[in-house]
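Below is work-v9.cif, holding mmCIF, C-alpha atoms.
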```
data_entry
#
loop_
_atom_site.label_atom_id
_atom_site.label_comp_id
_atom_site.auth_asym_id
_atom_site.auth_seq_id
_atom_site.Cartn_x
_atom_site.Cartn_y
_atom_site.Cartn_z
CA MET S 11 29.22 -53.45 12.38
CA LYS S 12 31.69 -55.77 14.10
CA THR S 13 31.10 -56.53 17.73
CA LEU S 14 33.51 -57.28 20.53
CA LYS S 15 32.96 -60.31 22.70
CA GLY S 16 30.35 -59.40 25.30
CA LEU S 17 29.45 -56.04 23.72
CA ASP S 18 26.66 -55.44 21.25
CA ALA S 19 26.63 -53.30 18.10
CA SER S 20 25.27 -50.33 20.07
CA TYR S 21 28.74 -49.93 21.61
CA ALA S 22 29.42 -46.93 19.38
CA ARG S 23 26.97 -44.20 18.44
CA GLY S 24 27.08 -40.56 17.45
CA SER S 25 25.81 -37.33 18.92
CA ARG S 26 22.19 -36.86 19.91
CA ALA S 27 19.94 -34.08 21.14
CA SER S 28 18.86 -34.15 24.78
CA ARG S 29 15.35 -33.34 26.01
CA ASP S 30 16.12 -29.62 26.20
CA GLY S 31 17.45 -29.61 22.61
CA ALA S 32 21.13 -29.30 23.54
CA THR S 33 23.53 -31.61 21.76
CA SER S 34 25.41 -34.12 23.84
CA ILE S 35 28.28 -36.27 22.68
CA SER S 36 27.75 -39.94 23.39
CA ARG S 37 30.69 -41.80 24.81
CA ALA S 38 31.38 -45.47 24.20
CA PRO S 39 30.34 -47.69 25.79
CA ASP S 40 26.78 -46.50 25.48
CA ASP S 41 24.44 -46.17 28.44
CA ARG S 42 23.05 -49.72 28.27
CA VAL S 43 26.50 -51.29 28.13
CA ALA S 44 27.72 -48.98 30.92
CA GLU S 45 24.71 -49.97 33.05
CA ARG S 46 25.52 -53.66 32.54
CA HIS S 47 29.16 -53.01 33.47
CA GLN S 48 28.09 -51.06 36.55
CA ALA S 49 25.75 -53.86 37.66
CA ARG S 50 28.51 -56.42 37.15
CA ALA S 51 30.97 -54.30 39.14
CA VAL S 52 28.47 -54.13 42.02
CA GLU S 53 28.14 -57.92 41.90
CA TRP S 54 31.94 -58.31 42.06
CA MET S 55 32.25 -55.89 44.98
CA GLU S 56 29.48 -57.62 46.92
CA ALA S 57 30.99 -61.03 46.18
CA SER S 58 34.29 -59.66 47.52
CA GLY S 59 32.64 -58.79 50.82
CA ALA S 60 31.57 -55.17 50.35
CA SER S 61 28.79 -54.40 52.80
CA ARG S 62 27.72 -51.27 50.95
CA VAL S 63 28.21 -50.09 47.35
CA TRP S 64 27.43 -46.61 46.05
CA THR S 65 26.62 -45.98 42.39
CA ARG S 66 25.41 -43.07 40.30
CA PRO S 67 22.96 -43.18 37.41
CA VAL S 68 24.71 -43.77 34.09
CA SER S 69 24.53 -40.78 31.76
CA SER S 70 26.14 -39.82 28.46
CA GLU S 71 25.69 -36.10 29.13
CA LEU S 72 28.89 -34.08 29.29
CA THR S 73 29.94 -33.07 32.79
CA ALA S 74 32.77 -31.23 34.49
CA GLY S 75 34.25 -34.65 35.26
CA GLN S 76 35.59 -35.19 31.75
CA HIS S 77 39.23 -36.26 31.55
CA GLN S 78 41.18 -33.99 29.24
CA ALA S 79 43.76 -35.70 27.06
CA GLY S 80 45.76 -35.41 23.88
CA THR S 81 47.18 -31.89 24.25
CA CYS S 82 50.78 -33.10 23.73
CA ARG S 83 50.35 -36.02 21.37
CA MET S 84 53.22 -38.38 20.58
CA GLY S 85 54.54 -38.83 17.05
CA CYS S 86 57.66 -38.90 14.90
CA ASP S 87 57.16 -35.62 13.00
CA PRO S 88 58.09 -32.56 15.11
CA THR S 89 56.09 -30.29 12.78
CA THR S 90 52.90 -32.18 13.61
CA TRP S 91 53.41 -33.76 17.04
CA VAL S 92 54.57 -32.32 20.37
CA THR S 93 56.47 -35.31 21.73
CA ALA S 94 58.42 -38.25 20.35
CA ALA S 95 57.31 -41.83 20.93
CA HIS S 96 58.25 -41.92 24.62
CA GLY S 97 57.12 -38.44 25.64
CA ARG S 98 60.31 -36.46 25.02
CA VAL S 99 59.36 -33.02 23.66
CA HIS S 100 60.72 -32.55 20.15
CA GLY S 101 63.70 -30.16 20.14
CA HIS S 102 64.23 -30.33 23.92
CA ASP S 103 66.57 -33.05 25.19
CA ASN S 104 65.63 -32.67 28.85
CA LEU S 105 61.86 -32.07 28.69
CA TRP S 106 59.45 -34.98 28.93
CA VAL S 107 55.64 -35.23 29.18
CA MET S 108 54.28 -38.22 31.09
CA ASP S 109 50.64 -37.57 31.82
CA GLY S 110 47.27 -37.66 30.07
CA SER S 111 48.53 -35.09 27.59
CA VAL S 112 50.25 -37.80 25.54
CA HIS S 113 47.18 -40.07 25.66
CA VAL S 114 45.54 -39.50 22.28
CA THR S 115 41.90 -39.87 23.29
CA ASN S 116 39.77 -41.33 26.05
CA GLY S 117 37.15 -44.00 25.71
CA GLY S 118 34.01 -44.19 27.78
CA VAL S 119 35.68 -45.03 31.07
CA ASN S 120 38.26 -43.47 33.36
CA PRO S 121 41.64 -43.44 31.52
CA VAL S 122 43.82 -43.64 34.63
CA LEU S 123 45.20 -47.13 33.93
CA ASN S 124 46.16 -46.19 30.36
CA ILE S 125 47.82 -43.03 31.63
CA TYR S 126 49.72 -44.99 34.32
CA ALA S 127 50.90 -47.48 31.68
CA LEU S 128 52.10 -44.69 29.36
CA ALA S 129 53.85 -42.88 32.23
CA PHE S 130 55.56 -46.09 33.36
CA ARG S 131 56.67 -46.90 29.80
CA ASN S 132 57.97 -43.37 29.25
CA ALA S 133 59.74 -43.30 32.63
CA GLU S 134 61.58 -46.51 31.73
CA GLU S 135 62.86 -44.80 28.57
CA LEU S 136 63.85 -41.69 30.54
CA ALA S 137 65.80 -43.86 32.99
CA ARG S 138 67.75 -45.38 30.06
CA CYS S 139 68.85 -41.92 28.84
#
```
Represent the structure of the file as structure tokens.
Amino acid sequence: MKTLKGLDASYARGSRASRDGATSISRAPDDRVAERHQARAVEWMEASGASRVWTRPVSSELTAGQHQAGTCRMGCDPTTWVTAAHGRVHGHDNLWVMDGSVHVTNGGVNPVLNIYALAFRNAEELARC
């Protein structure tokens, strides 16, 4: 398995059963990588002058805090995809989608920056129309 700089091969893994036998879906980055990232973020905040930093235990269990995405995916074929490349709904000249719905899938971290970038990109195209 290829690795990314600073991340080990355990970055991606499949589903697993929890202690109570329920299946949970692991999200990348895995718990160990997420714990390292969390520790590094705490270091950065403290180095920036934070007097107190709150964290939560890292867990790959599914929670109500999941970010839904991909319900209006972008693509060229109107029979398969909801929106065109910049979020315009196929068959509707004045209807655009510019939120997490056009974001195909989420990784293991909060997708807000990706969603902002897509919305900004799509808004620029809307402004040109």
Could you tell me which residues the PyMOL selection byres ((chain S and resi 128) around 9) returns for this structure, as a tab-separated table (two decimals) with C-alpha atoms, in the frame of the given file?
```
chain	number	residue	atom	x	y	z
S	96	HIS	CA	58.25	-41.92	24.62
S	97	GLY	CA	57.12	-38.44	25.64
S	108	MET	CA	54.28	-38.22	31.09
S	109	ASP	CA	50.64	-37.57	31.82
S	110	GLY	CA	47.27	-37.66	30.07
S	112	VAL	CA	50.25	-37.80	25.54
S	113	HIS	CA	47.18	-40.07	25.66
S	123	LEU	CA	45.20	-47.13	33.93
S	124	ASN	CA	46.16	-46.19	30.36
S	125	ILE	CA	47.82	-43.03	31.63
S	126	TYR	CA	49.72	-44.99	34.32
S	127	ALA	CA	50.90	-47.48	31.68
S	129	ALA	CA	53.85	-42.88	32.23
S	130	PHE	CA	55.56	-46.09	33.36
S	131	ARG	CA	56.67	-46.90	29.80
S	132	ASN	CA	57.97	-43.37	29.25
S	133	ALA	CA	59.74	-43.30	32.63
```
In terms of the shortest atom-to-atom distance over only C-alpha atoms, which of S:Met55, S:Glu135, S:Ser61, S:Thr93 is closest to S:Leu105?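 Using only C-alpha atoms, S:Leu105 sits closest to S:Thr93.
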Taking (54.4, -36.6, 20.8) in the file's own coordinates, collect the residues within 7 Å, counting all atoms listed in the file, and hand them back as a PyMOL selection string. chain S and resi 82-85+91-95+97+99+112
From atom CA of S:Asn120 to atom CA of S:Arg50 the spacing works out at 16.6 Å
Which is closer to S:Thr65 than all the others in S:Ala79, S:Ala49, S:Cys86, S:Val107, using all atoms listed in the file?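 Closest to S:Thr65 of all the choices is S:Ala49.
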At what distance in Å, to one decimal, does atom CA of S:Pro67 lie from atom CA of S:Ala44?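 Atom CA of S:Pro67 lies 9.9 Å from atom CA of S:Ala44.
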My list of candidates is S:Cys139, S:Glu56, S:His77, S:Val119. Which is closest to S:Trp106 when distances are computed with all atoms listed in the file? S:Cys139
Find, counting all atoms listed in the file, the residue in S:Ser58, S:Gln78, S:Asp87, S:Arg66 that gets nearest to S:Ser111.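 Closest to S:Ser111 of all the choices is S:Gln78.
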Pick the closest to S:Pro88 from S:His100, S:Val43, S:Glu53, S:Leu136: which is it, counting all atoms listed in the file?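 The closest residue to S:Pro88 is S:His100.
In this structure, atom CA of S:Val122 sits 26.8 Å away from atom CA of S:Asp103.
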